[in-house]
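**Student:** Structure file entry.txt, compact mmCIF, C-alpha atoms, is pasted below:
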# COMPACT_ATOMS: atom_id res chain seq x y z
CA MET A 1210 36.60 -10.79 4.73
CA ASN A 1211 38.06 -8.47 2.15
CA SER A 1212 36.92 -10.62 -0.72
CA ILE A 1213 33.35 -10.68 0.64
CA ALA A 1214 33.34 -6.87 0.81
CA SER A 1215 34.74 -6.46 -2.71
CA VAL A 1216 32.40 -9.06 -4.22
CA ASN A 1217 29.41 -7.32 -2.66
CA THR A 1218 30.57 -3.87 -3.76
CA ILE A 1219 30.94 -5.02 -7.35
CA ARG A 1220 27.57 -6.80 -7.14
CA PHE A 1221 25.92 -3.64 -5.78
CA ILE A 1222 27.21 -1.41 -8.59
CA THR A 1223 26.58 -3.94 -11.37
CA LEU A 1224 23.03 -4.66 -10.26
CA VAL A 1225 22.11 -0.97 -9.90
CA LEU A 1226 23.51 -0.10 -13.33
CA LEU A 1227 21.85 -3.13 -14.94
CA GLN A 1228 18.56 -2.20 -13.31
CA VAL A 1229 18.43 1.49 -14.21
CA LEU A 1230 19.98 1.28 -17.68
CA VAL A 1231 18.45 -1.91 -19.05
CA LEU A 1232 15.82 -3.65 -16.94
CA SER A 1233 13.70 -0.58 -16.15
CA HIS A 1234 13.17 0.03 -19.86
CA ILE A 1235 11.84 -3.39 -20.84
CA TYR A 1236 8.08 -2.71 -20.43
CA PHE A 1237 7.16 -6.27 -21.36
CA LEU A 1238 3.47 -6.31 -22.43
CA GLY A 1239 3.27 -2.60 -21.69
CA TYR A 1240 4.04 -2.41 -17.98
CA ILE A 1241 5.96 -5.43 -16.69
CA ASN A 1242 9.51 -4.74 -15.55
CA PRO A 1243 11.77 -7.12 -13.61
CA TYR A 1244 13.47 -5.73 -10.50
CA LEU A 1245 16.60 -7.85 -10.44
CA TYR A 1246 18.57 -5.58 -8.09
CA ILE A 1247 16.98 -7.22 -5.02
CA LEU A 1248 19.30 -10.14 -5.76
CA PHE A 1249 21.84 -8.15 -3.75
CA ILE A 1250 19.71 -8.51 -0.62
CA ILE A 1251 18.78 -12.12 -1.42
CA LEU A 1252 22.40 -13.23 -1.80
CA PHE A 1253 23.88 -11.11 0.99
CA PRO A 1254 26.04 -13.31 3.28
CA VAL A 1255 23.98 -14.80 6.09
CA LYS A 1256 26.63 -14.43 8.79
CA ASN A 1257 26.94 -10.67 8.46
CA ASN A 1258 25.39 -8.15 10.76
CA ARG A 1259 21.70 -7.36 10.30
CA ILE A 1260 22.30 -3.65 10.91
CA VAL A 1261 24.79 -3.56 8.03
CA LEU A 1262 22.31 -5.30 5.74
CA LEU A 1263 19.54 -2.84 6.69
CA LEU A 1264 21.75 0.18 5.97
CA LEU A 1265 23.03 -1.28 2.70
CA SER A 1266 19.48 -2.11 1.57
CA PHE A 1267 18.41 1.43 2.27
CA LEU A 1268 21.36 2.71 0.25
CA LEU A 1269 20.53 0.28 -2.58
CA GLY A 1270 16.88 1.34 -2.64
CA ILE A 1271 17.56 5.06 -2.48
CA THR A 1272 20.13 4.77 -5.29
CA VAL A 1273 17.61 3.08 -7.55
CA ASP A 1274 15.01 5.68 -6.50
CA MET A 1275 17.37 8.49 -7.43
CA PHE A 1276 17.79 7.12 -10.93
CA LEU A 1277 14.13 6.29 -11.47
CA ASP A 1278 12.74 9.47 -9.80
CA SER A 1279 10.48 7.39 -7.61
CA GLY A 1280 10.80 9.14 -4.24
CA GLY A 1281 11.47 6.47 -1.62
CA MET A 1282 9.36 3.52 -2.74
CA HIS A 1283 12.23 1.21 -3.68
CA ALA A 1284 14.01 2.08 -0.43
CA ALA A 1285 10.92 1.23 1.63
CA ALA A 1286 10.47 -2.12 -0.12
CA CYS A 1287 14.18 -3.01 0.17
CA VAL A 1288 14.42 -2.15 3.86
CA THR A 1289 11.37 -4.27 4.57
CA ILE A 1290 12.68 -7.40 2.88
CA ALA A 1291 16.07 -6.87 4.52
CA TYR A 1292 14.34 -6.76 7.91
CA ILE A 1293 12.22 -9.87 7.42
CA ARG A 1294 15.00 -11.86 5.68
CA PRO A 1295 16.11 -13.82 8.81
CA MET A 1296 12.54 -15.05 9.37
CA VAL A 1297 12.18 -16.11 5.74
CA LEU A 1298 15.57 -17.85 5.91
CA LYS A 1299 14.45 -19.75 9.00
CA PHE A 1300 11.17 -20.71 7.35
CA CYS A 1301 12.79 -21.92 4.12
CA PHE A 1302 16.01 -23.55 5.25
CA GLY A 1303 15.18 -24.62 8.81
CA THR A 1304 18.09 -26.32 10.52
CA ILE A 1305 20.84 -25.31 8.09
CA TYR A 1306 20.08 -21.71 8.96
CA GLU A 1307 20.29 -22.43 12.68
CA HIS A 1308 23.87 -23.60 12.17
CA GLN A 1309 24.64 -20.49 10.09
CA THR A 1310 26.19 -22.55 7.31
CA ILE A 1311 24.08 -21.70 4.26
CA LYS A 1312 25.92 -21.44 0.98
CA PHE A 1313 23.44 -20.28 -1.61
CA ASN A 1314 24.94 -22.30 -4.44
CA GLN A 1315 24.74 -25.53 -2.45
CA VAL A 1316 21.12 -25.53 -1.25
CA GLU A 1317 18.34 -27.44 -2.99
CA ILE A 1318 16.65 -25.70 -5.89
CA GLY A 1319 13.19 -26.06 -4.30
CA GLN A 1320 14.20 -24.35 -1.07
CA LYS A 1321 15.99 -21.63 -2.99
CA LEU A 1322 12.92 -21.03 -5.17
CA THR A 1323 10.59 -20.57 -2.17
CA TYR A 1324 13.11 -18.26 -0.51
CA ILE A 1325 13.48 -16.06 -3.59
CA SER A 1326 9.73 -16.09 -4.30
CA ILE A 1327 8.68 -15.00 -0.81
CA LEU A 1328 11.12 -12.07 -0.72
CA THR A 1329 10.28 -11.02 -4.29
CA LEU A 1330 6.52 -11.07 -3.70
CA ILE A 1331 6.78 -9.01 -0.52
CA HIS A 1332 9.17 -6.52 -2.15
CA HIS A 1333 6.98 -6.05 -5.21
CA PHE A 1334 3.80 -5.74 -3.20
CA ILE A 1335 5.21 -2.90 -1.07
CA LEU A 1336 6.81 -1.29 -4.12
CA PHE A 1337 3.61 -1.18 -6.18
CA LEU A 1338 1.49 -0.22 -3.17
CA PHE A 1339 3.65 2.89 -2.77
CA GLU A 1340 3.82 3.47 -6.51
CA VAL A 1341 0.05 3.49 -7.04
CA PHE A 1342 -0.48 5.06 -3.59
CA ASN A 1343 -4.20 4.45 -3.65
CA PHE A 1344 -6.01 1.75 -1.69
CA SER A 1345 -9.00 1.81 -4.02
CA LYS A 1346 -6.78 0.46 -6.82
CA ILE A 1347 -5.64 -2.57 -4.83
CA ILE A 1348 -6.53 -4.90 -7.73
CA LEU A 1349 -4.09 -3.02 -9.98
CA VAL A 1350 -1.42 -3.35 -7.28
CA LEU A 1351 -1.96 -7.10 -6.95
CA GLN A 1352 -1.98 -7.56 -10.71
CA LYS A 1353 1.29 -5.66 -11.15
CA THR A 1354 2.81 -7.54 -8.21
CA LEU A 1355 1.91 -10.93 -9.65
CA PHE A 1356 3.15 -10.36 -13.20
CA SER A 1357 6.33 -8.50 -12.32
CA SER A 1358 7.14 -11.07 -9.61
CA ILE A 1359 6.98 -13.94 -12.09
CA PHE A 1360 9.42 -12.10 -14.34
CA THR A 1361 11.77 -11.20 -11.46
CA ILE A 1362 11.75 -14.70 -9.95
CA ILE A 1363 12.61 -16.35 -13.26
CA LEU A 1364 15.45 -13.89 -13.85
CA CYS A 1365 16.79 -14.24 -10.29
CA VAL A 1366 16.86 -18.04 -10.47
CA LEU A 1367 18.50 -17.98 -13.90
CA VAL A 1368 21.17 -15.50 -12.79
CA THR A 1369 21.97 -17.46 -9.63
CA ILE A 1370 22.33 -20.67 -11.66
CA ILE A 1371 24.48 -19.07 -14.37
CA PHE A 1372 26.80 -17.24 -11.99
CA SER A 1373 27.13 -19.93 -9.32
CA ARG A 1374 30.67 -21.15 -8.88
CA LYS A 1375 30.95 -24.88 -9.33
CA THR A 1376 31.69 -26.45 -5.97
CA LYS A 1377 32.55 -30.10 -5.85
CA MET B 1029 17.33 5.37 32.16
CA GLN B 1030 19.17 2.07 32.26
CA GLN B 1031 16.05 0.31 31.07
CA ILE B 1032 15.52 2.70 28.19
CA VAL B 1033 19.10 2.17 27.02
CA ASN B 1034 18.68 -1.60 27.38
CA PHE B 1035 15.44 -1.44 25.39
CA ILE B 1036 17.12 0.49 22.60
CA ILE B 1037 20.06 -1.92 22.47
CA ARG B 1038 17.78 -4.96 22.49
CA ASN B 1039 15.54 -3.66 19.72
CA LYS B 1040 18.15 -1.78 17.73
CA THR B 1041 17.46 -3.67 14.50
CA PHE B 1042 13.74 -3.05 14.72
CA LEU B 1043 14.17 0.61 15.59
CA LEU B 1044 16.62 1.12 12.72
CA TYR B 1045 14.16 -0.60 10.39
CA ILE B 1046 11.33 1.70 11.53
CA LEU B 1047 13.56 4.75 11.10
CA LEU B 1048 14.69 3.84 7.56
CA PHE B 1049 11.17 2.84 6.57
CA ALA B 1050 9.80 6.15 7.86
CA ILE B 1051 12.41 8.09 5.86
CA SER B 1052 11.44 6.17 2.71
CA VAL B 1053 7.75 6.81 3.30
CA VAL B 1054 8.39 10.55 3.74
CA PHE B 1055 10.31 10.61 0.45
CA THR B 1056 7.50 8.69 -1.25
CA ILE B 1057 4.83 11.07 0.03
CA GLN B 1058 6.89 14.06 -1.10
CA ASN B 1059 7.21 12.44 -4.49
CA HIS B 1060 3.44 12.15 -4.72
CA SER B 1061 2.82 15.82 -3.99
CA TYR B 1062 3.46 18.47 -6.59
CA HIS B 1063 6.87 20.22 -6.68
CA LYS B 1064 8.28 18.62 -3.59
CA SER B 1065 10.57 15.79 -4.73
CA LYS B 1066 13.57 17.84 -3.70
CA PHE B 1067 16.01 15.44 -2.10
CA VAL B 1068 15.91 12.36 -4.28
CA ASN B 1069 15.67 13.12 -7.98
CA SER B 1070 17.68 12.21 -11.06
CA ALA B 1071 18.74 15.79 -11.88
CA ASN B 1072 22.14 15.41 -10.22
CA PHE B 1073 25.73 14.86 -11.19
CA VAL B 1074 25.83 11.05 -10.87
CA SER B 1075 22.58 9.89 -12.45
CA GLY B 1076 22.52 12.74 -14.98
CA GLY B 1077 26.05 11.87 -16.09
CA ILE B 1078 25.31 8.16 -16.43
CA TYR B 1079 22.08 8.82 -18.34
CA THR B 1080 23.96 11.19 -20.67
CA GLN B 1081 26.51 8.46 -21.47
CA MET B 1082 23.70 5.98 -22.08
CA ASN B 1083 21.85 8.45 -24.29
CA GLU B 1084 24.99 9.03 -26.40
CA ILE B 1085 24.74 5.38 -27.40
CA SER B 1086 21.01 4.84 -27.59
CA GLN B 1087 20.16 7.95 -29.61
CA TYR B 1088 21.67 6.34 -32.71
CA PHE B 1089 18.86 3.79 -32.76
CA GLY B 1090 16.18 6.44 -33.24
CA LEU B 1091 18.00 8.64 -35.74
CA LYS B 1092 15.76 7.84 -38.70
CA HIS B 1093 12.53 8.53 -36.85
CA GLN B 1094 13.85 11.72 -35.23
CA ASN B 1095 15.10 12.98 -38.60
CA LYS B 1096 11.67 12.47 -40.05
CA LEU B 1097 10.06 14.41 -37.21
CA LEU B 1098 12.49 17.30 -37.60
CA GLN B 1099 11.92 17.36 -41.34
CA GLU B 1100 8.14 17.46 -40.87
CA GLU B 1101 8.54 20.35 -38.45
CA ASN B 1102 10.91 22.20 -40.78
CA ASN B 1103 8.43 21.74 -43.56
CA ARG B 1104 5.60 23.21 -41.49
CA LEU B 1105 7.69 26.17 -40.34
CA ARG B 1106 8.91 26.79 -43.88
CA SER B 1107 5.35 27.01 -45.13
CA ILE B 1108 4.55 29.57 -42.41
CA VAL B 1109 7.66 31.60 -43.23
CA SER B 1110 6.93 31.64 -46.96
CA SER B 1111 3.36 32.79 -46.43
CA LYS B 1112 4.62 35.57 -44.13
CA LEU B 1113 7.22 36.66 -46.69
CA GLU B 1114 4.56 37.09 -49.31
CA THR B 1115 2.32 39.30 -47.21
CA LYS B 1116 4.86 41.39 -45.31
CA PRO B 1117 7.02 44.15 -46.78
CA SER B 1118 10.64 43.23 -47.28
CA PHE B 1119 12.26 45.75 -44.92
CA ILE B 1120 13.26 44.76 -41.41
CA ASP B 1121 11.10 46.25 -38.70
CA SER B 1122 13.46 47.20 -35.89
CA LEU B 1123 10.78 48.74 -33.69
CA THR B 1124 8.96 45.57 -32.60
CA PHE B 1125 9.98 44.07 -29.29
CA ALA B 1126 11.28 40.54 -28.89
CA SER B 1127 8.52 37.99 -28.28
CA THR B 1128 7.46 37.09 -24.75
CA TYR B 1129 8.37 33.44 -25.16
CA LYS B 1130 11.90 32.12 -25.37
CA PHE B 1131 12.48 28.63 -26.76
CA THR B 1132 15.43 26.41 -25.80
CA PRO B 1133 16.04 23.06 -27.51
CA ALA B 1134 16.92 20.08 -25.29
CA LEU B 1135 17.41 16.32 -25.41
CA VAL B 1136 15.43 13.81 -23.35
CA LEU B 1137 17.84 11.60 -21.39
CA LYS B 1138 15.31 9.50 -19.51
CA ASN B 1139 11.65 8.88 -20.22
CA SER B 1140 9.09 6.75 -18.42
CA TYR B 1141 5.40 6.19 -19.11
CA THR B 1142 4.22 3.13 -17.19
CA ILE B 1143 4.05 4.32 -13.59
CA SER B 1144 1.53 6.79 -12.23
CA THR B 1145 4.05 9.58 -11.57
CA ASN B 1146 6.10 9.75 -14.75
CA ILE B 1147 9.09 12.09 -14.81
CA LEU B 1148 11.50 12.88 -17.65
CA LEU B 1149 15.10 14.01 -17.41
CA ILE B 1150 16.46 16.59 -19.91
CA ASN B 1151 19.99 17.82 -20.54
CA LYS B 1152 19.46 21.52 -19.84
CA GLY B 1153 19.54 23.07 -16.37
CA LYS B 1154 20.18 26.24 -14.39
CA ARG B 1155 23.26 26.91 -16.51
CA ASP B 1156 20.94 27.38 -19.51
CA SER B 1157 18.58 29.53 -17.39
CA ILE B 1158 15.98 26.79 -17.10
CA GLN B 1159 13.81 27.19 -14.00
CA GLN B 1160 10.89 25.53 -12.29
CA ASP B 1161 7.54 25.95 -14.08
CA HIS B 1162 8.91 26.38 -17.58
CA GLY B 1163 6.81 24.53 -20.15
CA VAL B 1164 8.17 21.69 -22.29
CA ILE B 1165 6.81 20.78 -25.75
CA THR B 1166 7.82 18.65 -28.71
CA SER B 1167 7.37 19.42 -32.39
CA LYS B 1168 3.98 17.67 -32.25
CA GLY B 1169 2.51 18.93 -29.00
CA ILE B 1170 2.62 19.43 -25.30
CA LEU B 1171 4.89 17.34 -23.03
CA GLY B 1172 5.06 18.66 -19.46
CA ILE B 1173 6.38 21.21 -16.97
CA VAL B 1174 9.90 21.58 -15.52
CA ASP B 1175 10.09 20.50 -11.88
CA GLN B 1176 13.55 20.33 -10.30
CA THR B 1177 16.69 21.78 -11.85
CA SER B 1178 20.37 21.23 -11.19
CA LYS B 1179 23.36 22.88 -12.85
CA LYS B 1180 23.22 20.84 -16.04
CA TYR B 1181 19.98 18.83 -15.83
CA ALA B 1182 16.29 19.27 -15.13
CA THR B 1183 13.41 16.93 -14.37
CA VAL B 1184 10.11 17.39 -16.19
CA ILE B 1185 6.74 16.38 -14.77
CA SER B 1186 5.23 14.62 -17.75
CA ILE B 1187 1.63 15.20 -18.78
CA LEU B 1188 1.36 11.47 -17.98
CA ASN B 1189 1.60 12.16 -14.26
CA THR B 1190 -1.41 11.98 -11.99
CA LYS B 1191 -0.33 15.16 -10.20
CA SER B 1192 0.04 17.33 -13.31
CA LYS B 1193 -2.71 19.85 -14.11
CA ILE B 1194 -2.56 21.91 -17.29
CA SER B 1195 -5.13 24.36 -18.64
CA ALA B 1196 -6.41 23.46 -22.12
CA GLN B 1197 -9.33 24.45 -24.34
CA LEU B 1198 -11.35 23.39 -27.36
CA LYS B 1199 -9.81 24.86 -30.50
CA ARG B 1200 -13.24 25.51 -32.01
CA THR B 1201 -15.11 27.22 -29.16
CA ASN B 1202 -12.60 28.58 -26.60
CA HIS B 1203 -14.26 26.71 -23.71
CA PHE B 1204 -11.47 25.70 -21.36
CA GLY B 1205 -10.88 23.01 -18.74
CA THR B 1206 -8.13 21.18 -16.90
CA LEU B 1207 -5.99 18.47 -18.44
CA LYS B 1208 -5.36 15.50 -16.12
CA TRP B 1209 -4.30 11.88 -16.39
CA ASN B 1210 -5.99 8.91 -14.73
CA GLY B 1211 -2.89 6.72 -14.86
CA GLU B 1212 -4.14 4.13 -17.34
CA SER B 1213 -3.19 4.44 -21.01
CA PRO B 1214 -0.06 6.38 -22.08
CA ASN B 1215 -1.90 7.75 -25.15
CA ILE B 1216 -5.08 9.00 -23.53
CA VAL B 1217 -5.41 11.93 -21.10
CA GLN B 1218 -8.57 13.47 -19.62
CA LEU B 1219 -9.90 17.00 -20.00
CA ILE B 1220 -12.31 17.86 -17.19
CA ASP B 1221 -14.49 20.83 -16.24
CA ILE B 1222 -15.62 21.66 -19.79
CA PRO B 1223 -19.00 23.39 -19.30
CA SER B 1224 -22.02 21.53 -20.67
CA ASN B 1225 -22.91 24.26 -23.18
CA ALA B 1226 -19.62 23.79 -25.02
CA LYS B 1227 -21.06 20.85 -27.01
CA PRO B 1228 -17.81 19.10 -27.94
CA ILE B 1229 -17.76 16.69 -30.90
CA LYS B 1230 -15.62 13.60 -31.31
CA GLY B 1231 -12.49 14.46 -33.29
CA ASP B 1232 -12.34 18.10 -32.13
CA SER B 1233 -8.81 19.41 -31.58
CA ILE B 1234 -7.65 20.43 -28.12
CA ILE B 1235 -4.99 23.15 -27.69
CA THR B 1236 -3.39 24.84 -24.69
CA SER B 1237 -5.42 27.80 -23.49
CA GLY B 1238 -2.65 30.25 -22.58
CA ARG B 1239 -4.48 31.04 -19.35
CA SER B 1240 -1.55 30.00 -17.19
CA ALA B 1241 1.80 31.74 -17.44
CA ILE B 1242 3.47 28.51 -18.57
CA PHE B 1243 2.36 27.69 -22.11
CA PRO B 1244 1.48 30.13 -24.88
CA LYS B 1245 -1.96 29.74 -26.43
CA GLY B 1246 -2.43 27.33 -29.30
CA ILE B 1247 0.05 24.52 -28.68
CA PRO B 1248 -1.62 21.32 -29.94
CA VAL B 1249 -2.52 18.68 -27.34
CA GLY B 1250 -4.69 16.04 -28.97
CA LYS B 1251 -8.13 15.17 -30.28
CA ILE B 1252 -11.31 14.06 -28.53
CA THR B 1253 -12.03 10.33 -28.63
CA ASN B 1254 -14.74 9.96 -26.00
CA ILE B 1255 -17.28 12.34 -24.44
CA GLU B 1256 -18.97 11.88 -21.07
CA LEU B 1257 -21.18 14.11 -18.91
CA ASP B 1258 -20.49 14.02 -15.18
CA ALA B 1259 -23.14 12.86 -12.68
CA ALA B 1260 -24.58 16.33 -12.12
CA GLY B 1261 -24.76 17.00 -15.87
CA ASP B 1262 -22.95 20.34 -15.67
CA PHE B 1263 -19.51 19.46 -16.93
CA TYR B 1264 -18.06 17.20 -19.61
CA GLU B 1265 -15.21 14.81 -19.04
CA LEU B 1266 -13.43 14.21 -22.34
CA ASP B 1267 -10.90 11.54 -23.29
CA ILE B 1268 -8.13 13.11 -25.37
CA GLU B 1269 -5.84 11.14 -27.63
CA LEU B 1270 -2.43 12.85 -27.59
CA PHE B 1271 -0.78 13.92 -30.85
CA ASN B 1272 2.56 13.06 -29.24
CA ASP B 1273 3.78 9.49 -29.05
CA MET B 1274 4.79 9.69 -25.41
CA THR B 1275 6.72 6.44 -25.61
CA ASN B 1276 9.17 7.74 -28.21
CA ILE B 1277 10.49 11.24 -27.47
CA GLU B 1278 13.93 12.63 -28.08
CA HIS B 1279 14.06 16.31 -29.08
CA VAL B 1280 12.05 18.80 -27.02
CA TYR B 1281 11.76 22.57 -26.62
CA ILE B 1282 11.63 24.38 -23.31
CA ILE B 1283 9.41 27.47 -23.25
CA GLU B 1284 10.23 30.35 -20.97
CA ASN B 1285 7.58 33.01 -20.52
CA LYS B 1286 9.49 36.20 -19.81
CA ASP B 1287 6.41 37.80 -18.28
CA ALA B 1288 5.67 34.88 -15.92
CA GLN B 1289 6.98 36.74 -12.89
CA GLU B 1290 4.86 39.78 -13.63
CA ILE B 1291 1.72 37.69 -14.22
CA THR B 1292 2.07 35.67 -11.02
CA ASN B 1293 2.77 38.82 -8.99
CA LEU B 1294 -0.34 40.44 -10.39
CA LEU B 1295 -2.49 37.37 -9.66
CA ASN B 1296 -1.14 37.10 -6.12
CA SER B 1297 -1.79 40.75 -5.36
CA LYS B 1298 -5.37 40.30 -6.58
CA ASN B 1299 -5.94 37.40 -4.21
CA GLU B 1300 -4.91 39.33 -1.13
Is it possible to give me this structure as C-alpha cells?
**Tutor:**
Amino acid sequence: MNSIASVNTIRFITLVLLQVLVLSHIYFLGYINPYLYILFIILFPVKNNRIVLLLLSFLLGITVDMFLDSGGMHAAACVTIAYIRPMVLKFCFGTIYEHQTIKFNQVEIGQKLTYISILTLIHHFILFLFEVFNFSKIILVLQKTLFSSIFTIILCVLVTIIFSRKTK
Amino acid sequence: MQQIVNFIIRNKTFLLYILLFAISVVFTIQNHSYHKSKFVNSANFVSGGIYTQMNEISQYFGLKHQNKLLQEENNRLRSIVSSKLETKPSFIDSLTFASTYKFTPALVLKNSYTISTNILLINKGKRDSIQQDHGVITSKGILGIVDQTSKKYATVISILNTKSKISAQLKRTNHFGTLKWNGESPNIVQLIDIPSNAKPIKGDSIITSGRSAIFPKGIPVGKITNIELDAAGDFYELDIELFNDMTNIEHVYIIENKDAQEITNLLNSKNE
C-alpha cells in the first residue's frame, strides 16, 4: 500500500513539473502542446477508491491551472475523465476489468491504445472548449483537440512503454 | 430524511463529481472576465518560486538577443540625451517637479501567446509597490496591464488577451480607438472604433493615446497592415502589426502613473 502511495506521489509531482516547465512551452507548429500530465489519471491503480481518484484529479488539474494561469479549465477536464474512467475501462478491457485484475503493463497494446485515446480525446475536448469559451468557434476547438490529442497519445504510449517494468 | 441520506450515499461519486466540476467552471468563468482571476493564479510562492528557478537557467539562452535589444534602446536614449544637452543650459534646474510616471524594470518569468487569454508572470510585486492597473511595456512597445499581485510576483494581462482593452491612436492624426485582440495571430492585434473621417493609410504608426490613466501618451504599438470599414460605414477596423515580438520577451518596464488615483476619482465623481 505504501509503495503505491509513494509511487503515485512521485508520479504526480514529476508529471506536473514536466508539464508546466517543458511541455507547455513546445508550441509545435505554433499552437500544439501535449498534455502528458493526464497519464497520472490514466495509470492510477484500478482497485483504489473512485472518490480518492476524483479528489486527486481535481488537485492535479488545479495545480496545473495555477501554473498556467488558466482558471479551472484543466481541473474541469481532469475531473471529467476521472469520473468516466470506470466506464471507459469496462468498454476497453471487458472481462479483465470485471475481475479487477488489470495491470497496465500486461494488457495488449491495442486495448491500451483505445483506452488512452478515448480519455485523451475527451480531456482535450473539454479543455479546449473551456479555453476558447465560445460555441461559435467550435471548429477551432475540434481542430485543436485533434492535433493536440495525436501528440499527447503518442507521448503517453511511448512513456508507458519506456517506463514499464519488465514482468516475466 | 432517511431516503435523502441514502440517496446521497448511493450517488456520492456523482455528486462529488458535479461539485468539483462546478468549482472548476466557476474558476474558468472568473478567468474569462476581467480582473477576477483571484484564487488560482501563478503569482504565488510556489509557482513563482519554481518559475524563478527555471528562468535563472533559461535566460542564458537569450542573452545575445536581449543584449542587442538593450543596446538598441541605450543608443536611442543616448541620442535623445545628447540632443537635449545641446539645447538646454548646463545648470541643474531644481524647481521642476518629478515626472508623473515612475518606471520599474522587471523580468518576465512566464510568457504564453497561443491561448485566447494569455497572461505573463513578472518578478516584481507588492514589495516593489506594483499594483493592479499599472502598465507594462518593453523597449520596443506596449505589452499589457498588471492584474494580480502577490508579495514578490505579479501577473500581467497581455495585449494578446481577448479581454484586454487599451486606448490607442493614430500617430499622424490623433484619432483614437480601442485596441483588442481576436485570438488568432500573436503578431496582429485589432484597433476598432476609429472614426471614418480619420482616413488611415497602410503603414501608419499606432501609439498609445494617454487617455486612460495607465499608459503615458506616445508609447509605440505597431503599424497598420490592413484597413476595413465596418458594416455601417462609420468606423474603421484596423489590423495592427505589433513592433514587439510577443513570443520572445525578457526585460520589461512597469509604468506607475502617480496621478492615477486622482484621475479616476475625478472621472468617477463626474459620472455620479
**Student:** I need the chain A residues near chain B as number ranges by chain; criterion: at most 6 Å, counting all atoms listed in the file.
**Tutor:** A: 1240, 1275-1276, 1278, 1280-1282, 1284-1285
**Student:** Mind pulling up the distance from atom CA of His1332 of chain A to atom CA of Asn1217 of chain A?
**Tutor:** 20.3 Å
**Student:** Identify, on the basis of all atoms listed in the file, every residue whose closest approach to Cys1365 of chain A does not exceed 7 Å; exclude the query and any residue fewer than 4 positions from it along the same chain; express the result as a VMD selection string.
**Tutor:** chain A and resid 1245 1248 1361 1369
**Student:** Check the smallest atom-to-atom distance from each of A:Val1341, A:Leu1355, A:Ile1247, A:Ile1213 to Ser1279 of chain A using all atoms listed in the file, then report the winner.
**Tutor:**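 Counting all atoms listed in the file, the residue closest to Ser1279 of chain A is A:Val1341.
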**Student:** Any idea what the distance is between atom CA of Gln1352 of chain A and atom CA of Tyr1236 of chain A?
**Tutor:**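 A separation of 14.8 Å between them.
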**Student:** What separation in Å, quoted to one decimal, exists between atom CA of Tyr1181 of chain B and atom CA of Leu1135 of chain B?
**Tutor:**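 Going from atom CA of Tyr1181 of chain B over to atom CA of Leu1135 of chain B covers 10.2 Å.
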**Student:** Please list as a PyMOL selection string every residue within 12 Å of Asn1272 of chain B, counting only C-alpha atoms and excluding residues in the same chain fewer than 4 positions away.
**Tutor:** chain B and resi 1097+1165-1172+1186-1188+1214-1217+1247-1251+1268+1276-1280
**Student:** Taking all atoms listed in the file into account, name the residue in A:Tyr1324, A:His1333, A:Gln1315, A:Val1288 that is nearest to Gly1303 of chain A.
**Tutor:**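 Of A:Tyr1324, A:His1333, A:Gln1315, A:Val1288, the one nearest Gly1303 of chain A is A:Tyr1324, counting all atoms listed in the file.
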**Student:** Quick one: everything within 7 Å of Gly1163 of chain B, counting all atoms listed in the file, minus sequence neighbours fewer than 4 positions away in the same chain. Send it as a PyMOL selection string.
**Tutor:** chain B and resi 1172-1174+1242-1243+1282-1284
**Student:** Quick one: residues within 10 Å of Lys1321 of chain A, all atoms listed in the file counted, chain neighbours fewer than 3 positions away excluded, as number ranges by chain?
**Tutor:** A: 1298, 1301-1302, 1313-1318, 1324-1326, 1366, 1369
**Student:** Could you give me, as a list in words, the residues within 8 Å of Phe1337 of chain A, counting only C-alpha atoms and dropping anything in the same chain fewer than 3 positions from it?
**Tutor:** His1333, Phe1334, Glu1340, Val1341, Phe1342, Val1350, Lys1353 and Thr1354 of chain A
